[in-house]
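Next comes work_5.csv, a file with CSV, C-alpha atoms and all ligand atoms.
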chain,number,residue,atom,x,y,z
D,51,MET,CA,-2.2,22.3,10.0
D,52,VAL,CA,1.4,21.8,11.3
D,53,LYS,CA,2.9,22.6,7.9
D,54,ILE,CA,6.7,22.7,8.0
D,55,SER,CA,8.4,24.6,5.3
D,56,THR,CA,10.7,22.6,3.1
D,57,GLU,CA,11.8,25.6,1.0
D,58,ASP,CA,15.5,24.7,1.5
D,59,GLU,CA,14.9,21.0,1.2
D,60,ASP,CA,14.0,19.2,-2.0
D,61,LEU,CA,12.5,16.0,-0.6
D,62,ASN,CA,10.3,14.0,-2.9
D,63,MET,CA,8.3,10.8,-2.5
D,64,LEU,CA,7.5,7.9,-4.9
D,65,MET,CA,5.2,5.1,-4.0
D,66,VAL,CA,5.4,1.6,-5.4
D,67,MET,CA,2.1,-0.3,-5.4
D,68,GLY,CA,0.6,-3.5,-7.0
D,69,VAL,CA,-0.5,-7.0,-6.0
D,70,THR,CA,1.6,-9.4,-4.0
D,71,GLY,CA,4.4,-10.8,-6.2
D,72,ALA,CA,4.2,-8.1,-8.8
D,73,GLY,CA,7.8,-7.3,-8.1
D,74,LYS,CA,7.6,-4.1,-6.0
D,75,SER,CA,10.4,-4.9,-3.7
D,76,TYR,CA,12.5,-6.3,-6.6
D,77,PHE,CA,12.0,-3.0,-8.5
D,78,ILE,CA,13.1,-0.9,-5.6
D,79,ASN,CA,16.2,-3.0,-5.0
D,80,GLN,CA,17.1,-2.6,-8.7
D,81,LEU,CA,16.5,1.2,-8.4
D,82,VAL,CA,18.9,1.6,-5.5
D,83,GLY,CA,21.4,-1.0,-6.8
D,84,LYS,CA,21.3,-3.0,-3.6
D,85,LYS,CA,19.1,-5.6,-1.9
D,86,ILE,CA,17.6,-3.3,0.7
D,87,VAL,CA,14.1,-4.6,1.0
D,88,GLU,CA,13.1,-8.2,1.3
D,89,GLU,CA,11.9,-10.0,-1.8
D,90,SER,CA,9.6,-12.9,-1.8
D,91,ASP,CA,10.7,-16.4,-2.8
D,92,SER,CA,7.2,-17.9,-2.8
D,93,LEU,CA,3.7,-17.1,-3.7
D,94,HIS,CA,3.0,-15.8,-0.2
D,95,SER,CA,2.9,-12.1,0.6
D,96,CYS,CA,6.3,-10.9,1.6
D,97,THR,CA,6.3,-7.2,2.4
D,98,GLN,CA,4.1,-7.1,5.5
D,99,GLN,CA,4.5,-3.4,6.3
D,100,CYS,CA,5.3,-0.3,4.2
D,101,GLN,CA,9.0,0.3,4.0
D,102,LEU,CA,10.9,3.5,3.5
D,103,VAL,CA,13.9,3.5,1.2
D,104,PRO,CA,15.8,6.8,0.5
D,105,ALA,CA,17.3,7.2,-2.9
D,106,THR,CA,18.8,9.9,-5.1
D,107,ILE,CA,16.9,10.0,-8.4
D,108,ALA,CA,18.2,12.3,-11.1
D,109,GLY,CA,19.8,14.4,-8.4
D,110,HIS,CA,16.7,14.6,-6.3
D,111,LYS,CA,16.4,13.3,-2.7
D,112,THR,CA,13.5,10.9,-2.8
D,113,LEU,CA,11.8,8.6,-0.4
D,114,ILE,CA,10.6,5.5,-2.1
D,115,ILE,CA,7.7,3.7,-0.3
D,116,ASP,CA,7.4,-0.1,-0.8
D,117,THR,CA,3.9,-1.2,0.0
D,118,PRO,CA,2.2,-4.5,0.8
D,119,GLY,CA,-0.5,-5.6,-1.8
D,120,PHE,CA,-4.2,-5.6,-0.7
D,121,ASP,CA,-5.7,-9.0,-0.1
D,122,ASP,CA,-2.5,-9.9,1.8
D,123,SER,CA,-2.6,-13.4,3.3
D,124,LYS,CA,-1.5,-12.1,6.8
D,125,ARG,CA,-2.8,-8.6,7.2
D,126,THR,CA,-6.3,-7.1,6.8
D,127,ASP,CA,-7.2,-4.6,4.1
D,128,THR,CA,-8.0,-2.2,7.0
D,129,GLU,CA,-4.5,-2.5,8.4
D,130,ILE,CA,-2.9,-1.9,5.0
D,131,LEU,CA,-5.1,1.1,4.1
D,132,THR,CA,-4.5,2.6,7.6
D,133,GLU,CA,-0.7,2.3,7.0
D,134,ILE,CA,-0.9,3.8,3.5
D,135,ALA,CA,-3.2,6.6,4.7
D,136,ASN,CA,-0.8,7.4,7.6
D,137,VAL,CA,2.2,7.6,5.2
D,138,LEU,CA,0.4,9.8,2.7
D,139,THR,CA,-0.9,12.1,5.4
D,140,ALA,CA,2.5,12.5,7.0
D,141,GLN,CA,4.0,13.2,3.6
D,142,TYR,CA,1.3,15.9,2.9
D,143,GLU,CA,1.5,17.4,6.4
D,144,LEU,CA,5.3,17.6,6.3
D,145,GLY,CA,5.4,19.2,2.9
D,146,VAL,CA,7.3,16.3,1.2
D,147,LYS,CA,6.5,16.4,-2.5
D,148,LEU,CA,4.6,13.4,-3.8
D,149,LYS,CA,5.7,13.0,-7.4
D,150,GLY,CA,3.8,9.9,-8.4
D,151,ILE,CA,3.0,6.3,-8.0
D,152,ILE,CA,4.5,3.3,-9.9
D,153,TYR,CA,1.9,0.6,-10.2
D,154,LEU,CA,3.4,-2.8,-11.1
D,155,HIS,CA,1.8,-5.7,-12.8
D,156,ARG,CA,3.2,-9.0,-14.1
D,157,ILE,CA,3.0,-9.3,-17.9
D,158,THR,CA,3.1,-13.1,-17.3
D,159,ASP,CA,-0.4,-13.0,-15.6
D,160,THR,CA,-3.0,-14.6,-17.9
D,161,ARG,CA,-6.0,-13.6,-15.9
D,162,TYR,CA,-7.0,-10.8,-13.6
D,163,GLN,CA,-7.4,-12.5,-10.2
D,164,SER,CA,-9.7,-11.2,-7.6
D,165,SER,CA,-6.7,-9.8,-5.6
D,166,ALA,CA,-5.6,-7.9,-8.7
D,167,ILE,CA,-9.0,-6.4,-9.2
D,168,LYS,CA,-9.4,-5.5,-5.5
D,169,THR,CA,-5.9,-3.9,-5.4
D,170,LEU,CA,-6.6,-1.9,-8.5
D,171,GLN,CA,-9.9,-0.7,-7.1
D,172,MET,CA,-8.4,0.3,-3.8
D,173,PHE,CA,-5.5,2.1,-5.7
D,174,GLN,CA,-7.9,4.1,-7.8
D,175,LYS,CA,-10.0,5.1,-4.8
D,176,ILE,CA,-6.9,6.2,-2.9
D,177,CYS,CA,-5.6,8.3,-5.9
D,178,GLY,CA,-8.7,9.7,-7.6
D,179,SER,CA,-8.9,10.6,-11.3
D,180,ASP,CA,-6.9,13.9,-11.1
D,181,ALA,CA,-3.8,12.0,-9.9
D,182,MET,CA,-3.8,9.5,-12.7
D,183,LYS,CA,-1.4,11.6,-14.8
D,184,ASN,CA,1.2,11.0,-12.1
D,185,VAL,CA,0.7,7.2,-12.2
D,186,THR,CA,3.0,5.0,-14.2
D,187,LEU,CA,1.5,1.6,-15.0
D,188,CYS,CA,4.5,-0.7,-15.3
D,189,THR,CA,4.6,-4.2,-16.5
D,190,THR,CA,7.2,-6.6,-15.1
D,191,ARG,CA,8.9,-9.9,-15.9
D,192,TRP,CA,9.4,-9.3,-19.6
D,193,SER,CA,12.2,-11.9,-19.8
D,194,GLU,CA,9.6,-14.6,-19.1
D,195,VAL,CA,7.2,-13.9,-22.0
D,196,GLY,CA,7.6,-13.9,-25.8
D,197,ALA,CA,7.6,-10.4,-27.4
D,198,ASN,CA,4.4,-11.0,-29.4
D,199,LEU,CA,2.5,-12.5,-26.5
D,200,GLY,CA,3.7,-9.7,-24.2
D,201,ALA,CA,2.6,-7.0,-26.6
D,202,LYS,CA,-0.8,-8.6,-27.0
D,203,ARG,CA,-1.3,-8.7,-23.2
D,204,GLU,CA,-0.1,-5.1,-23.0
D,205,LYS,CA,-2.7,-4.1,-25.5
D,206,GLN,CA,-5.4,-5.9,-23.5
D,207,LEU,CA,-4.3,-4.1,-20.3
D,208,LYS,CA,-4.5,-0.8,-22.1
D,209,GLU,CA,-8.0,-1.4,-23.5
D,210,ASP,CA,-9.5,-3.2,-20.6
D,211,PHE,CA,-8.0,-3.5,-17.1
D,212,TRP,CA,-6.2,-0.2,-17.2
D,213,ALA,CA,-8.4,1.7,-19.7
D,214,TYR,CA,-9.8,4.1,-17.0
D,215,MET,CA,-6.4,5.1,-15.8
D,216,VAL,CA,-4.8,5.4,-19.3
D,217,HIS,CA,-7.8,7.5,-20.3
D,218,ASN,CA,-7.1,9.8,-17.3
D,219,GLY,CA,-3.5,10.3,-18.3
D,220,SER,CA,-1.5,7.4,-16.7
D,221,ALA,CA,1.5,6.3,-18.7
D,222,MET,CA,2.2,2.7,-19.5
D,223,THR,CA,5.8,1.4,-19.5
D,224,ARG,CA,7.8,-1.8,-19.4
D,225,PHE,CA,10.3,-2.7,-16.6
D,226,TYR,CA,13.0,-4.9,-18.1
D,227,GLY,CA,14.2,-6.1,-14.7
D,228,ASP,CA,17.5,-4.1,-14.4
D,229,GLU,CA,18.9,-1.1,-12.7
D,230,ASP,CA,18.9,1.1,-15.9
D,231,SER,CA,15.3,0.4,-16.6
D,232,ALA,CA,14.2,1.1,-13.0
D,233,ARG,CA,16.1,4.4,-12.9
D,234,THR,CA,14.7,5.5,-16.2
D,235,ILE,CA,11.1,4.9,-15.0
D,236,ALA,CA,11.7,6.7,-11.7
D,237,ALA,CA,13.5,9.6,-13.3
D,238,GLN,CA,10.5,10.2,-15.6
D,239,ILE,CA,8.2,10.6,-12.7
D,240,ILE,CA,10.5,12.7,-10.5
D,241,CYS,CA,10.3,15.6,-12.9
D,242,LYS,CA,6.5,15.8,-12.8
D,243,ASN,CA,4.6,18.4,-10.8
D,244,THR,CA,3.7,17.5,-7.2
D,245,ILE,CA,0.4,15.7,-6.8
D,246,VAL,CA,-2.3,15.6,-4.1
D,247,LEU,CA,-4.3,12.4,-4.0
D,248,ASP,CA,-8.0,12.2,-3.2
D,249,ILE,CA,-7.4,10.5,0.1
D,250,GLN,CA,-5.0,13.3,1.1
D,251,LYS,CA,-7.6,15.9,0.3
D,252,GLU,CA,-10.3,14.0,2.2
D,253,LEU,CA,-8.1,13.4,5.3
D,254,SER,CA,-6.0,16.6,5.6
D,255,GLU,CA,-8.1,19.2,3.8
D,256,GLU,CA,-11.6,18.1,4.6
D,257,GLY,CA,-10.8,16.6,8.0
D,258,LEU,CA,-12.6,13.3,7.3
D,259,ASN,CA,-12.0,10.2,9.4
D,260,LEU,CA,-10.6,7.2,7.4
D,261,ASN,CA,-13.9,5.4,7.2
D,262,GLU,CA,-15.5,8.5,5.6
D,263,THR,CA,-13.0,8.6,2.7
D,264,THR,CA,-13.8,7.0,-0.7
D,265,ALA,CA,-11.2,4.3,-0.1
D,266,GLY,CA,-12.3,3.8,3.6
D,267,GLN,CA,-16.0,3.5,2.5
D,268,PHE,CA,-15.0,0.9,-0.1
D,269,ILE,CA,-13.4,-1.3,2.7
D,270,GLY,CA,-16.3,-0.4,5.0
D,271,ASN,CA,-18.8,-1.7,2.5
D,272,ASN,CA,-16.9,-5.0,2.2
D,273,LEU,CA,-16.9,-5.2,6.0
D,274,GLN,CA,-20.6,-4.6,6.2
D,275,ASP,CA,-21.3,-7.4,3.7
D,276,LEU,CA,-19.2,-9.7,5.7
D,277,GLU,CA,-20.8,-8.6,9.0
D,278,LYS,CA,-24.3,-9.4,7.5
D,279,LYS,CA,-23.1,-12.8,6.2
D,280,TYR,CA,-21.6,-13.8,9.6
D,281,ARG,CA,-24.8,-12.6,11.5
D,282,GLU,CA,-27.0,-14.7,9.2
D,283,GLU,CA,-24.7,-17.7,9.7
D,284,LEU,CA,-24.9,-17.3,13.5
D,285,SER,CA,-28.6,-17.0,13.4
D,286,ASP,CA,-28.8,-20.3,11.3
D,287,LEU,CA,-26.6,-22.1,13.8
D,288,GLU,CA,-28.7,-20.9,16.7
D,289,GLU,CA,-31.8,-22.2,15.0
D,290,MET,CA,-30.1,-25.6,14.4
D,291,LYS,CA,-29.0,-25.7,18.1
D,292,GLN,CA,-32.6,-25.2,19.2
D,293,LYS,CA,-34.0,-27.9,17.0
D,294,LEU,CA,-31.5,-30.6,18.0
D,295,ARG,CA,-32.6,-33.3,20.4
D,296,GLU,CA,-31.1,-33.2,23.9
D,297,ASN,CA,-29.3,-36.6,23.4
D,298,ASP,CA,-27.6,-35.6,20.1
D,299,ARG,CA,-24.5,-34.6,21.9
D,300,ALA,CA,-21.8,-34.9,19.2
D,301,MET,CA,-23.8,-32.7,16.8
D,302,ARG,CA,-24.5,-30.1,19.6
D,303,LEU,CA,-20.7,-29.9,20.2
D,304,GLN,CA,-20.0,-29.4,16.5
D,305,ILE,CA,-22.6,-26.7,16.2
D,306,GLN,CA,-21.3,-25.0,19.3
D,307,GLN,CA,-17.8,-25.0,17.8
D,308,ASP,CA,-19.0,-23.6,14.5
D,309,TRP,CA,-20.9,-20.9,16.4
D,310,GLU,CA,-17.8,-19.9,18.3
D,311,ASN,CA,-15.7,-19.7,15.1
D,312,GLU,CA,-18.4,-17.5,13.5
D,313,LYS,CA,-18.6,-15.3,16.5
D,314,GLU,CA,-14.9,-14.8,16.4
D,315,ARG,CA,-15.0,-13.8,12.7
D,316,LEU,CA,-17.7,-11.3,13.5
D,317,ARG,CA,-15.7,-9.9,16.3
D,318,ARG,CA,-12.7,-9.3,14.1
D,319,ILE,CA,-14.9,-7.6,11.5
D,320,GLN,CA,-16.3,-5.3,14.1
D,321,GLU,CA,-12.8,-4.5,15.4
D,322,GLN,CA,-11.8,-3.4,11.9
D,323,GLN,CA,-14.9,-1.3,11.6
D,324,VAL,CA,-14.0,0.6,14.8
D,325,SER,CA,-10.3,0.9,13.7
D,326,LEU,CA,-11.4,2.6,10.4
D,327,GLU,CA,-13.1,5.4,12.3
D,328,GLN,CA,-9.8,7.0,13.3
D,329,PRO,CA,-9.1,10.7,12.7
D,330,THR,CA,-5.9,10.1,10.6
D,331,ALA,CA,-4.9,13.7,10.1
D,332,ALA,CA,-5.3,14.7,13.7
D,333,ASN,CA,-3.2,11.7,14.8
D,334,ILE,CA,-0.4,12.4,12.3
D,335,ARG,CA,-0.3,16.1,13.3
D,336,GLN,CA,0.1,15.0,16.9
D,337,GLU,CA,2.9,12.7,15.9
D,338,ILE,CA,4.7,15.4,13.9
D,339,THR,CA,4.4,17.9,16.8
D,340,LYS,CA,5.8,15.3,19.2
D,341,LYS,CA,8.8,14.5,17.0
D,342,ARG,CA,9.3,18.1,16.1
D,343,GLY,CA,9.7,19.0,19.8
D,344,LYS,CA,12.4,16.4,20.1
D,345,LEU,CA,14.3,16.7,16.8
D,346,ASP,CA,13.7,19.7,14.6
D,347,LYS,CA,15.4,22.4,16.6
D,348,ILE,CA,18.6,20.5,16.8
D,349,MET,CA,18.8,18.7,13.4
D,350,GLY,CA,16.5,20.1,10.8
D,351,PHE,CA,13.9,18.8,8.4
D,352,LEU,CA,15.2,15.5,7.1
D,353,PRO,CA,15.7,13.9,10.5
D,354,LEU,CA,12.3,15.1,11.4
D,355,ALA,CA,10.8,13.5,8.3
D,356,PHE,CA,12.7,10.2,9.1
D,357,GLY,CA,11.6,10.4,12.7
D,358,VAL,CA,7.9,10.7,11.7
D,359,PHE,CA,8.0,8.1,9.0
D,360,GLY,CA,10.0,5.8,11.2
D,361,ALA,CA,7.2,5.9,13.8
D,362,LEU,CA,4.6,4.9,11.1
D,363,ILE,CA,6.3,2.4,8.8
D,364,GLY,CA,9.4,0.2,8.5
D,365,ILE,CA,12.9,1.4,7.7
D,366,PRO,CA,15.0,-1.5,6.4
D,367,PRO,CA,18.2,-2.1,8.5
D,368,GLY,CA,20.5,-1.4,5.5
D,369,VAL,CA,19.1,2.1,5.2
D,370,THR,CA,20.2,3.4,8.6
D,371,VAL,CA,23.9,2.8,7.9
D,372,GLY,CA,24.3,5.5,5.3
D,373,ILE,CA,21.5,7.8,6.2
D,374,THR,CA,23.6,10.6,7.6
D,375,ASN,CA,25.6,11.0,4.4
D,376,TRP,CA,22.5,11.0,2.3
D,377,MET,CA,20.9,13.7,4.5
D,378,THR,CA,23.9,15.9,4.2
D,379,GLY,CA,24.3,15.3,0.5
D,380,ASP,CA,27.7,13.9,1.1
D,381,ASP,CA,27.1,10.6,-0.6
D,382,GLY,CA,30.6,10.0,-2.0
D,383,ASN,CA,30.6,10.0,-5.8
D,384,GLY,CA,27.1,11.4,-6.0
D,385,SER,CA,25.5,8.0,-6.4
D,386,PHE,CA,23.3,6.4,-3.8
D,387,PHE,CA,25.1,3.0,-3.7
D,388,ASP,CA,27.7,4.2,-1.2
D,389,LEU,CA,24.9,4.6,1.3
D,390,PHE,CA,24.7,0.9,2.0
D,391,ASN,CA,28.4,0.0,2.1
U,401,LIG,N1,13.7,-11.9,-13.0
U,401,LIG,C1,12.8,-11.2,-12.5
U,401,LIG,N2,12.4,-11.5,-11.2
U,401,LIG,C2,11.5,-10.7,-10.7
U,401,LIG,C3,11.1,-9.5,-11.3
U,401,LIG,N3,10.2,-8.9,-10.4
U,401,LIG,C4,10.1,-9.7,-9.4
U,401,LIG,N4,10.9,-10.8,-9.5
U,401,LIG,C5,11.0,-11.9,-8.5
U,401,LIG,O1,9.7,-12.2,-8.1
U,401,LIG,C6,9.6,-12.5,-6.7
U,401,LIG,C7,8.5,-11.6,-6.1
U,401,LIG,O2,9.0,-10.3,-6.2
U,401,LIG,P1,8.8,-9.2,-5.0
U,401,LIG,O3,9.6,-8.0,-5.4
U,401,LIG,O4,9.1,-9.8,-3.7
U,401,LIG,O5,7.2,-9.0,-5.1
U,401,LIG,P2,6.4,-7.9,-4.3
U,401,LIG,O6,5.5,-7.2,-5.2
U,401,LIG,O7,7.3,-7.0,-3.5
U,401,LIG,O8,5.5,-8.8,-3.3
U,401,LIG,P3,4.9,-8.6,-1.9
U,401,LIG,O9,5.9,-8.0,-1.0
U,401,LIG,O10,4.4,-9.9,-1.4
U,401,LIG,O11,3.7,-7.6,-2.0
U,401,LIG,C8,11.0,-12.3,-6.2
U,401,LIG,O12,11.6,-13.5,-6.1
U,401,LIG,C9,11.7,-11.4,-7.2
U,401,LIG,O13,13.1,-11.6,-7.2
U,401,LIG,C10,11.5,-9.2,-12.6
U,401,LIG,O14,11.2,-8.2,-13.2
U,401,LIG,N5,12.4,-10.0,-13.1
U,402,MG,MG,7.5,-6.8,-1.5
What would the structure in this file look like if it were written as structure tokens?
Amino acid sequence: MVKISTEDEDLNMLMVMGVTGAGKSYFINQLVGKKIVEESDSLHSCTQQCQLVPATIAGHKTLIIDTPGFDDSKRTDTEILTEIANVLTAQYELGVKLKGIIYLHRITDTRYQSSAIKTLQMFQKICGSDAMKNVTLCTTRWSEVGANLGAKREKQLKEDFWAYMVHNGSAMTRFYGDEDSARTIAAQIICKNTIVLDIQKELSEEGLNLNETTAGQFIGNNLQDLEKKYREELSDLEEMKQKLRENDRAMRLQIQQDWENEKERLRRIQEQQVSLEQPTAANIRQEITKKRGKLDKIMGFLPLAFGVFGALIGIPPGVTVGITNWMTGDDGNGSFFDLFN
């Protein structure tokens, strides 16, 4: 392992996860007191790629990771899991301290949609039960719901949707939509002990490929089901083609078109299956070694960490402006806001 000592550096990480539109980016913007990451103005997925936002929380340098929700309208679950696995592996291999995960959910939601169920399942498989004590389950949009109704839904979440996580030590809290509330939630996590997630143990300690991890297998099984479905549909279409009379030209063309579409869907599934087979930890170690050769001797650990994360995920434009001050601890009055002026 290319473990780099961070003895002199207190660098923490917090991840923010949840379905599309739960308010992940909004929460982070409140936390840092500036609009740094893009928020959605529609029902469509907004954050397409994980984003790195540095912040100082209760005096601790912290990297906040904004994530896209699974079941994204534009990216596959494989792409999203790959990106999250890369970030978590880089954090583990670099020795950055993962303090916890904030999992957001709208209190205004009346039902648990399939995307919410899938995102929660993925989340639990990435973390594993031991890590649940470092998870804060956070409900959002309290201004849009009456106090009694909100409390009733909160109780339902505790007893049903979130029961497993609460049972394993996850805390439940409310985000009231402002900076104070965001800072209080983050500060409570930052003083926790560092955590290692199941996917990090599997990738970095056991050396598994992504498709062999619990989360990777979950996606792999979904892909296998889809592959089976598309193969069956292709075989039905081929049978129909054979049965058609020679002169039924319009129908033949339609079937040929359907066949080609189905074939393309199958190709994309197979592409995802191959891409899941990657040796994540080996790839990340290589990236760290490469960046270390370029940066570490001259500038130290924080720029190395930024170099590595910057190669894997997005760094919003507003962040780069004040990054040097933040790294050297010279952030004006001790608050993080000056970073973005
Ligand atoms: N008033 C209020 N608005 C919120 C709150 N949380 C989110 N919003 C708004 O809801 C919309 C969606 O929020 P985002 O933060 O973009 O959601 P997201 O979870 O990052 O969504 P994706 O990036 O698509 O995964 C934005 O217009 C936010 O401004 C909240 O607690 N209060
Ligand atoms: Mg977002």
Please list, as a PDB file with C-alpha atoms, in the frame of the given file, the residues that have an atom at most 8 Å away from (5.9, -7.2, 2.2) in the coordinates of this file, counting all atoms listed in the file.
ATOM      1  CA  THR D  70       1.600  -9.400  -4.000  1.00  0.00           C
ATOM      2  CA  SER D  75      10.400  -4.900  -3.700  1.00  0.00           C
ATOM      3  CA  GLU D  88      13.100  -8.200   1.300  1.00  0.00           C
ATOM      4  CA  GLU D  89      11.900 -10.000  -1.800  1.00  0.00           C
ATOM      5  CA  SER D  90       9.600 -12.900  -1.800  1.00  0.00           C
ATOM      6  CA  SER D  95       2.900 -12.100   0.600  1.00  0.00           C
ATOM      7  CA  CYS D  96       6.300 -10.900   1.600  1.00  0.00           C
ATOM      8  CA  THR D  97       6.300  -7.200   2.400  1.00  0.00           C
ATOM      9  CA  GLN D  98       4.100  -7.100   5.500  1.00  0.00           C
ATOM     10  CA  GLN D  99       4.500  -3.400   6.300  1.00  0.00           C
ATOM     11  CA  CYS D 100       5.300  -0.300   4.200  1.00  0.00           C
ATOM     12  CA  ASP D 116       7.400  -0.100  -0.800  1.00  0.00           C
ATOM     13  CA  THR D 117       3.900  -1.200   0.000  1.00  0.00           C
ATOM     14  CA  PRO D 118       2.200  -4.500   0.800  1.00  0.00           C
ATOM     15  CA  GLY D 119      -0.500  -5.600  -1.800  1.00  0.00           C
TER      16      GLY D 119
END
Quiz prompt | Residue among D:Ile245, D:Leu199, D:Ala166, D:Ile239 lying closest to ligand LIG 401 (chain U), counting all atoms listed in the file | solution = D:Ala166
Quiz item: For Ala265 in chain D, which residue among D:Val185, D:Leu326, D:Leu102, D:Val137 is the nearest when counting only C-alpha atoms?
Solution: D:Leu326
Quiz item: In Å, how far is it from atom O7 of ligand LIG 401 (chain U) to CA of Gly71 in chain D?
Solution: 5.5 Å
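When all atoms listed in the file are used to measure the gap to Ala135 in chain D, the shortest distance among D:Ser123, D:Asn62, D:Thr264, D:Thr112 belongs to D:Thr264.
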Quiz item: Out of D:Asp210, D:Ala232, D:Ser164, D:Thr106, which residue has the shortest atom-to-atom distance to ligand LIG 401 (chain U) when counting all atoms listed in the file?
Solution: D:Ala232
Self-check item: Local residues around (19.1, -5.2, -1.5), at most 10 Å away, using all atoms listed in the file, as a PyMOL selection string
Solution: chain D and resi 75-76+78-89+366+368-369+390
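CA of Ile151 in chain D lies 6.3 Å from CA of Thr186 in chain D.
Computed from the coordinates, the CA of Phe211 in chain D to CA of Ser179 in chain D distance equals 15.3 Å.
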Self-check item: Within 10 Å of Pro104 in chain D using all atoms listed in the file, minus same-chain residues under 4 positions, as a PyMOL selection string
Solution: chain D and resi 61-64+82+111-115+356+365+369-370+372-373+376-377+386+389
Dump as a PDB file, keeping the file's coordinate frame, selection limited to C-alpha atoms:
ATOM      1  CA  LEU D  61      12.500  16.000  -0.600  1.00  0.00           C
ATOM      2  CA  ASN D  62      10.300  14.000  -2.900  1.00  0.00           C
ATOM      3  CA  MET D  63       8.300  10.800  -2.500  1.00  0.00           C
ATOM      4  CA  LEU D  64       7.500   7.900  -4.900  1.00  0.00           C
ATOM      5  CA  VAL D  82      18.900   1.600  -5.500  1.00  0.00           C
ATOM      6  CA  LYS D 111      16.400  13.300  -2.700  1.00  0.00           C
ATOM      7  CA  THR D 112      13.500  10.900  -2.800  1.00  0.00           C
ATOM      8  CA  LEU D 113      11.800   8.600  -0.400  1.00  0.00           C
ATOM      9  CA  ILE D 114      10.600   5.500  -2.100  1.00  0.00           C
ATOM     10  CA  ILE D 115       7.700   3.700  -0.300  1.00  0.00           C
ATOM     11  CA  PHE D 356      12.700  10.200   9.100  1.00  0.00           C
ATOM     12  CA  ILE D 365      12.900   1.400   7.700  1.00  0.00           C
ATOM     13  CA  VAL D 369      19.100   2.100   5.200  1.00  0.00           C
ATOM     14  CA  THR D 370      20.200   3.400   8.600  1.00  0.00           C
ATOM     15  CA  GLY D 372      24.300   5.500   5.300  1.00  0.00           C
ATOM     16  CA  ILE D 373      21.500   7.800   6.200  1.00  0.00           C
ATOM     17  CA  TRP D 376      22.500  11.000   2.300  1.00  0.00           C
ATOM     18  CA  MET D 377      20.900  13.700   4.500  1.00  0.00           C
ATOM     19  CA  PHE D 386      23.300   6.400  -3.800  1.00  0.00           C
ATOM     20  CA  LEU D 389      24.900   4.600   1.300  1.00  0.00           C
TER      21      LEU D 389
END
Quiz item: What's the 7 Å shell around Thr169 in chain D, counting all atoms listed in the file, without same-chain residues fewer than 4 positions away, as a ChimeraX atom specification?
Solution: /D:68-69,119-120,165,173
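Among the candidates D:Thr234, D:Thr330, D:Gln307, D:Gln292, the residue lying nearest to Glu256 in chain D is D:Thr330 (atoms considered: all atoms listed in the file).
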Practice problem: Pick out the closest residue to ligand MG 402 (chain U) from this set: D:Leu273, D:Ala105, D:Leu253, D:Ala72. Count only C-alpha atoms and all ligand atoms. | Solution: D:Ala72
Self-check item: Nearby residues (all atoms listed in the file) at most 10 Å from Val195 in chain D, same-chain spacing under 5 positions excluded, as a PyMOL selection string
Solution: chain D and resi 157-159+200-201
Residues from the last selection, C-alpha atoms, saved as an mmCIF file, in the coordinates of the input:
data_model
loop_
_atom_site.group_PDB
_atom_site.id
_atom_site.type_symbol
_atom_site.label_atom_id
_atom_site.label_comp_id
_atom_site.auth_asym_id
_atom_site.auth_seq_id
_atom_site.Cartn_x
_atom_site.Cartn_y
_atom_site.Cartn_z
ATOM 1 C CA ILE D 157 3.000 -9.300 -17.900
ATOM 2 C CA THR D 158 3.100 -13.100 -17.300
ATOM 3 C CA ASP D 159 -0.400 -13.000 -15.600
ATOM 4 C CA GLY D 200 3.700 -9.700 -24.200
ATOM 5 C CA ALA D 201 2.600 -7.000 -26.600
#
